[in-house]
Protein chains: 2
Amino acid sequence: MKARIYVTLKEGVLDPQGAAIRGALANLGFEGVEGARQGKFIELVLMEDDRDKAEASVKAMCEKLLANTVIENYSFELE
Amino acid sequence: MKARIYVTLKEGVLDPQGAAIRGALANLGFEGVEGARQGKFIELVLMEDDRDKAEASVKAMCEKLLANTVIENYSFELE
């Protein structure tokens, strides 16, 4: 089973990478970019076939390692 | 209009971050993780309302800045 995990900064948390992207795009002449935020996109290949078990373990992986839940949100999809 | 951009390493390109994630998950006792790959997830808020124009400019942004197309693939969704 495959898990696609999205880790993004919570609203209100300063995003220097997003600001850097926005500035660089403007320097390259791309106008009309009102906002930019960068996060992590993690793909895991799991041996687990049972969907509920996979969901529980991915949630635990996010809580323990993949996301800093103080400043980050996470969401994931299982395929 | 919002653009959700996914930048991932091409197959065959060494992914040290993915390997680090896999090792750390194993150390935390998460077994059954056959593979892990990490990429970037970028959200842009665009003033552009015309879908075709937005698509063209996001493609150009990816090609020029957001993805290193030698070693990375990119895909995006417009909302």
# chains A, B, ... in the order shown; residues from 1 in each chain; ligands from 1

call {"tool": "calpha_fit_and_write", "arguments": {"fixed": "chain A", "moving": "chain B", "output": "compact mmCIF listing (two decimals) with N, CA, C and O atoms, in the first residue's frame"}}
result
# COMPACT_ATOMS: atom_id res chain seq x y z
N MET B 1 0.82 -1.21 -0.03
CA MET B 1 0.00 -0.01 0.00
C MET B 1 0.90 1.23 0.01
O MET B 1 1.97 1.21 0.60
N LYS B 2 0.42 2.29 -0.69
CA LYS B 2 1.21 3.52 -0.76
C LYS B 2 0.52 4.61 0.07
O LYS B 2 -0.69 4.74 0.06
N ALA B 3 1.35 5.40 0.81
CA ALA B 3 0.81 6.54 1.55
C ALA B 3 1.43 7.82 0.99
O ALA B 3 2.64 7.88 0.78
N ARG B 4 0.57 8.82 0.72
CA ARG B 4 1.05 10.12 0.25
C ARG B 4 0.75 11.13 1.37
O ARG B 4 -0.42 11.36 1.70
N ILE B 5 1.83 11.65 1.97
CA ILE B 5 1.68 12.49 3.16
C ILE B 5 2.06 13.94 2.82
O ILE B 5 3.06 14.18 2.13
N TYR B 6 1.21 14.88 3.26
CA TYR B 6 1.45 16.29 3.03
C TYR B 6 1.64 16.97 4.37
O TYR B 6 0.76 16.88 5.24
N VAL B 7 2.79 17.60 4.55
CA VAL B 7 3.08 18.30 5.81
C VAL B 7 3.22 19.79 5.50
O VAL B 7 4.07 20.17 4.68
N THR B 8 2.36 20.61 6.08
CA THR B 8 2.38 22.05 5.80
C THR B 8 2.42 22.85 7.09
O THR B 8 1.96 22.37 8.13
N LEU B 9 2.96 24.04 6.99
CA LEU B 9 3.01 24.89 8.18
C LEU B 9 1.59 25.36 8.53
O LEU B 9 0.78 25.61 7.64
N LYS B 10 1.33 25.50 9.83
CA LYS B 10 0.02 26.00 10.26
C LYS B 10 -0.12 27.47 9.87
O LYS B 10 0.89 28.18 9.71
N GLU B 11 -1.37 27.92 9.68
CA GLU B 11 -1.63 29.34 9.39
C GLU B 11 -0.98 30.19 10.48
O GLU B 11 -0.93 29.79 11.65
N GLY B 12 -0.41 31.31 10.09
CA GLY B 12 0.16 32.20 11.10
C GLY B 12 1.61 31.90 11.42
O GLY B 12 2.31 32.72 12.01
N VAL B 13 2.10 30.72 11.04
CA VAL B 13 3.52 30.42 11.27
C VAL B 13 4.32 31.01 10.11
O VAL B 13 3.97 30.82 8.94
N LEU B 14 5.36 31.75 10.44
CA LEU B 14 6.19 32.39 9.40
C LEU B 14 6.77 31.32 8.47
O LEU B 14 7.24 30.27 8.92
N ASP B 15 6.68 31.59 7.16
CA ASP B 15 7.16 30.62 6.17
C ASP B 15 8.24 31.29 5.30
O ASP B 15 7.95 31.83 4.22
N PRO B 16 9.49 31.31 5.79
CA PRO B 16 10.55 31.99 5.04
C PRO B 16 10.76 31.40 3.65
O PRO B 16 11.04 32.12 2.70
N GLN B 17 10.59 30.06 3.53
CA GLN B 17 10.78 29.46 2.20
C GLN B 17 9.69 29.95 1.24
O GLN B 17 9.97 30.27 0.09
N GLY B 18 8.48 30.03 1.74
CA GLY B 18 7.40 30.53 0.90
C GLY B 18 7.66 31.96 0.47
O GLY B 18 7.48 32.34 -0.68
N ALA B 19 8.15 32.77 1.41
CA ALA B 19 8.44 34.18 1.09
C ALA B 19 9.58 34.25 0.06
O ALA B 19 9.54 35.06 -0.87
N ALA B 20 10.56 33.37 0.21
CA ALA B 20 11.69 33.35 -0.74
C ALA B 20 11.20 32.97 -2.13
O ALA B 20 11.60 33.58 -3.13
N ILE B 21 10.29 32.00 -2.21
CA ILE B 21 9.74 31.58 -3.50
C ILE B 21 9.00 32.75 -4.15
O ILE B 21 9.20 33.07 -5.33
N ARG B 22 8.19 33.42 -3.35
CA ARG B 22 7.41 34.54 -3.89
C ARG B 22 8.33 35.64 -4.43
O ARG B 22 8.13 36.16 -5.52
N GLY B 23 9.40 35.94 -3.67
CA GLY B 23 10.34 36.96 -4.12
C GLY B 23 11.06 36.56 -5.40
O GLY B 23 11.19 37.34 -6.35
N ALA B 24 11.48 35.28 -5.44
CA ALA B 24 12.22 34.81 -6.62
C ALA B 24 11.32 34.81 -7.85
O ALA B 24 11.74 35.19 -8.95
N LEU B 25 10.06 34.42 -7.67
CA LEU B 25 9.13 34.42 -8.81
C LEU B 25 8.94 35.86 -9.32
O LEU B 25 8.95 36.10 -10.54
N ALA B 26 8.83 36.80 -8.39
CA ALA B 26 8.66 38.21 -8.81
C ALA B 26 9.90 38.67 -9.57
O ALA B 26 9.80 39.32 -10.62
N ASN B 27 11.07 38.28 -9.08
CA ASN B 27 12.31 38.68 -9.77
C ASN B 27 12.39 38.09 -11.18
O ASN B 27 13.03 38.64 -12.06
N LEU B 28 11.76 36.93 -11.35
CA LEU B 28 11.79 36.30 -12.68
C LEU B 28 10.68 36.87 -13.59
O LEU B 28 10.50 36.41 -14.71
N GLY B 29 9.93 37.81 -13.01
CA GLY B 29 8.91 38.48 -13.83
C GLY B 29 7.52 37.86 -13.72
O GLY B 29 6.61 38.23 -14.46
N PHE B 30 7.34 36.92 -12.79
CA PHE B 30 6.01 36.32 -12.61
C PHE B 30 5.20 37.21 -11.67
O PHE B 30 5.45 37.22 -10.45
N GLU B 31 4.27 37.95 -12.24
CA GLU B 31 3.43 38.80 -11.39
C GLU B 31 2.17 38.04 -10.99
O GLU B 31 1.86 37.00 -11.54
N GLY B 32 1.45 38.60 -10.04
CA GLY B 32 0.15 38.02 -9.66
C GLY B 32 0.25 36.84 -8.73
O GLY B 32 -0.69 36.06 -8.60
N VAL B 33 1.38 36.68 -8.04
CA VAL B 33 1.47 35.60 -7.04
C VAL B 33 1.20 36.23 -5.68
O VAL B 33 2.04 36.93 -5.12
N GLU B 34 -0.01 36.02 -5.17
CA GLU B 34 -0.41 36.68 -3.92
C GLU B 34 0.21 35.99 -2.71
O GLU B 34 0.44 36.61 -1.68
N GLY B 35 0.45 34.70 -2.83
CA GLY B 35 0.99 33.98 -1.67
C GLY B 35 1.69 32.71 -2.09
O GLY B 35 1.37 32.13 -3.14
N ALA B 36 2.66 32.27 -1.29
CA ALA B 36 3.35 31.01 -1.58
C ALA B 36 3.71 30.36 -0.25
O ALA B 36 4.22 31.02 0.66
N ARG B 37 3.41 29.09 -0.13
CA ARG B 37 3.78 28.35 1.08
C ARG B 37 4.39 27.02 0.65
O ARG B 37 3.88 26.38 -0.27
N GLN B 38 5.49 26.64 1.31
CA GLN B 38 6.14 25.37 0.95
C GLN B 38 6.05 24.40 2.11
O GLN B 38 6.24 24.77 3.26
N GLY B 39 5.76 23.14 1.75
CA GLY B 39 5.71 22.09 2.77
C GLY B 39 6.43 20.87 2.26
O GLY B 39 7.11 20.90 1.24
N LYS B 40 6.24 19.75 2.98
CA LYS B 40 6.89 18.49 2.58
C LYS B 40 5.85 17.55 2.00
O LYS B 40 4.68 17.55 2.43
N PHE B 41 6.32 16.77 1.05
CA PHE B 41 5.46 15.76 0.41
C PHE B 41 6.22 14.45 0.52
O PHE B 41 7.34 14.32 0.00
N ILE B 42 5.69 13.50 1.29
CA ILE B 42 6.41 12.25 1.56
C ILE B 42 5.60 11.08 1.03
O ILE B 42 4.39 10.98 1.30
N GLU B 43 6.25 10.20 0.28
CA GLU B 43 5.59 8.99 -0.21
C GLU B 43 6.21 7.79 0.49
O GLU B 43 7.44 7.63 0.49
N LEU B 44 5.37 6.96 1.10
CA LEU B 44 5.84 5.75 1.78
C LEU B 44 5.24 4.53 1.08
O LEU B 44 4.07 4.55 0.69
N VAL B 45 6.05 3.49 0.93
CA VAL B 45 5.56 2.21 0.42
C VAL B 45 5.49 1.28 1.62
O VAL B 45 6.52 1.04 2.29
N LEU B 46 4.28 0.83 1.94
CA LEU B 46 4.06 0.02 3.14
C LEU B 46 3.76 -1.43 2.77
O LEU B 46 3.05 -1.69 1.79
N MET B 47 4.28 -2.36 3.57
CA MET B 47 3.95 -3.78 3.36
C MET B 47 2.52 -4.06 3.80
O MET B 47 1.85 -4.95 3.27
N GLU B 48 2.02 -3.28 4.74
CA GLU B 48 0.69 -3.50 5.30
C GLU B 48 -0.40 -3.45 4.23
O GLU B 48 -0.43 -2.54 3.39
N ASP B 49 -1.28 -4.47 4.23
CA ASP B 49 -2.37 -4.49 3.24
C ASP B 49 -3.69 -4.02 3.84
O ASP B 49 -4.59 -3.59 3.13
N ASP B 50 -3.79 -4.17 5.19
CA ASP B 50 -5.04 -3.81 5.84
C ASP B 50 -5.12 -2.29 5.96
O ASP B 50 -4.27 -1.64 6.57
N ARG B 51 -6.18 -1.71 5.38
CA ARG B 51 -6.29 -0.25 5.28
C ARG B 51 -6.34 0.42 6.65
O ARG B 51 -5.65 1.41 6.89
N ASP B 52 -7.11 -0.14 7.57
CA ASP B 52 -7.25 0.48 8.90
C ASP B 52 -5.92 0.47 9.65
O ASP B 52 -5.52 1.46 10.26
N LYS B 53 -5.23 -0.67 9.54
CA LYS B 53 -3.93 -0.76 10.22
C LYS B 53 -2.94 0.22 9.60
O LYS B 53 -2.18 0.89 10.30
N ALA B 54 -2.96 0.29 8.28
CA ALA B 54 -2.04 1.22 7.58
C ALA B 54 -2.34 2.65 8.01
O ALA B 54 -1.43 3.42 8.31
N GLU B 55 -3.63 2.98 8.10
CA GLU B 55 -4.03 4.34 8.49
C GLU B 55 -3.53 4.66 9.90
O GLU B 55 -2.94 5.71 10.14
N ALA B 56 -3.70 3.73 10.78
CA ALA B 56 -3.27 3.95 12.17
C ALA B 56 -1.75 4.13 12.25
O ALA B 56 -1.25 5.03 12.94
N SER B 57 -1.02 3.30 11.50
CA SER B 57 0.45 3.41 11.62
C SER B 57 0.97 4.68 10.95
O SER B 57 1.88 5.34 11.47
N VAL B 58 0.35 5.09 9.82
CA VAL B 58 0.80 6.33 9.17
C VAL B 58 0.51 7.52 10.08
O VAL B 58 1.34 8.43 10.23
N LYS B 59 -0.65 7.49 10.74
CA LYS B 59 -0.99 8.57 11.68
C LYS B 59 0.07 8.65 12.78
O LYS B 59 0.59 9.72 13.10
N ALA B 60 0.43 7.48 13.31
CA ALA B 60 1.45 7.46 14.38
C ALA B 60 2.80 7.93 13.86
O ALA B 60 3.52 8.69 14.53
N MET B 61 3.16 7.57 12.63
CA MET B 61 4.42 8.02 12.03
C MET B 61 4.43 9.55 11.91
O MET B 61 5.45 10.21 12.19
N CYS B 62 3.31 10.10 11.51
CA CYS B 62 3.23 11.56 11.37
C CYS B 62 3.37 12.24 12.73
O CYS B 62 4.14 13.19 12.89
N GLU B 63 2.65 11.71 13.71
CA GLU B 63 2.66 12.32 15.04
C GLU B 63 4.04 12.23 15.68
O GLU B 63 4.50 13.16 16.34
N LYS B 64 4.74 11.10 15.47
CA LYS B 64 6.01 10.89 16.16
C LYS B 64 7.23 11.44 15.42
O LYS B 64 8.24 11.75 16.02
N LEU B 65 7.12 11.47 14.06
CA LEU B 65 8.36 11.83 13.34
C LEU B 65 8.16 12.83 12.20
O LEU B 65 8.86 13.82 12.10
N LEU B 66 7.20 12.53 11.33
CA LEU B 66 7.16 13.23 10.03
C LEU B 66 6.67 14.67 10.13
O LEU B 66 7.00 15.50 9.29
N ALA B 67 5.88 14.97 11.16
CA ALA B 67 5.37 16.34 11.29
C ALA B 67 5.67 16.86 12.69
O ALA B 67 5.58 16.11 13.67
N ASN B 68 6.04 18.12 12.78
CA ASN B 68 6.17 18.76 14.09
C ASN B 68 4.81 19.39 14.37
O ASN B 68 4.50 20.50 13.91
N THR B 69 4.00 18.69 15.10
CA THR B 69 2.59 19.07 15.23
C THR B 69 2.39 20.38 16.00
O THR B 69 1.27 20.91 16.03
N VAL B 70 3.46 20.93 16.56
CA VAL B 70 3.33 22.25 17.20
C VAL B 70 3.13 23.31 16.12
O VAL B 70 2.31 24.21 16.25
N ILE B 71 3.87 23.21 15.03
CA ILE B 71 3.80 24.25 13.99
C ILE B 71 3.34 23.72 12.63
O ILE B 71 3.22 24.48 11.67
N GLU B 72 3.15 22.41 12.54
CA GLU B 72 2.78 21.85 11.23
C GLU B 72 1.47 21.07 11.29
O GLU B 72 1.14 20.46 12.31
N ASN B 73 0.74 21.10 10.18
CA ASN B 73 -0.42 20.22 9.98
C ASN B 73 0.02 19.08 9.07
O ASN B 73 0.95 19.25 8.26
N TYR B 74 -0.65 17.94 9.17
CA TYR B 74 -0.38 16.87 8.20
C TYR B 74 -1.70 16.28 7.71
O TYR B 74 -2.71 16.33 8.42
N SER B 75 -1.64 15.77 6.48
CA SER B 75 -2.79 15.01 5.96
C SER B 75 -2.19 13.92 5.08
O SER B 75 -1.02 14.03 4.66
N PHE B 76 -2.95 12.86 4.85
CA PHE B 76 -2.39 11.80 4.01
C PHE B 76 -3.50 11.05 3.28
O PHE B 76 -4.67 11.10 3.67
N GLU B 77 -3.08 10.40 2.19
CA GLU B 77 -3.98 9.57 1.39
C GLU B 77 -3.35 8.19 1.29
O GLU B 77 -2.13 8.09 1.19
N LEU B 78 -4.17 7.16 1.29
CA LEU B 78 -3.67 5.79 1.12
C LEU B 78 -4.14 5.31 -0.25
O LEU B 78 -5.29 5.52 -0.63
N GLU B 79 -3.23 4.65 -0.99
CA GLU B 79 -3.61 4.11 -2.30
C GLU B 79 -3.38 2.61 -2.35
O GLU B 79 -2.36 2.15 -1.82

call {"tool": "select_by_dssp", "arguments": {"residues": "chain B", "states": "strand (DSSP E or B)", "output": "PyMOL selection string"}}
result
chain B and resi 2-9+33-46+72-78

call {"tool": "select_by_dssp", "arguments": {"residues": "chain A", "states": "helix (DSSP H, G or I)", "output": "list in words"}}
result
Pro16, Gln17, Gly18, Ala19, Ala20, Ile21, Arg22, Gly23, Ala24, Leu25, Ala26, Asn27, Arg51, Asp52, Lys53, Ala54, Glu55, Ala56, Ser57, Val58, Lys59, Ala60, Met61, Cys62, Glu63, Lys64, Leu65 and Leu66 of chain A
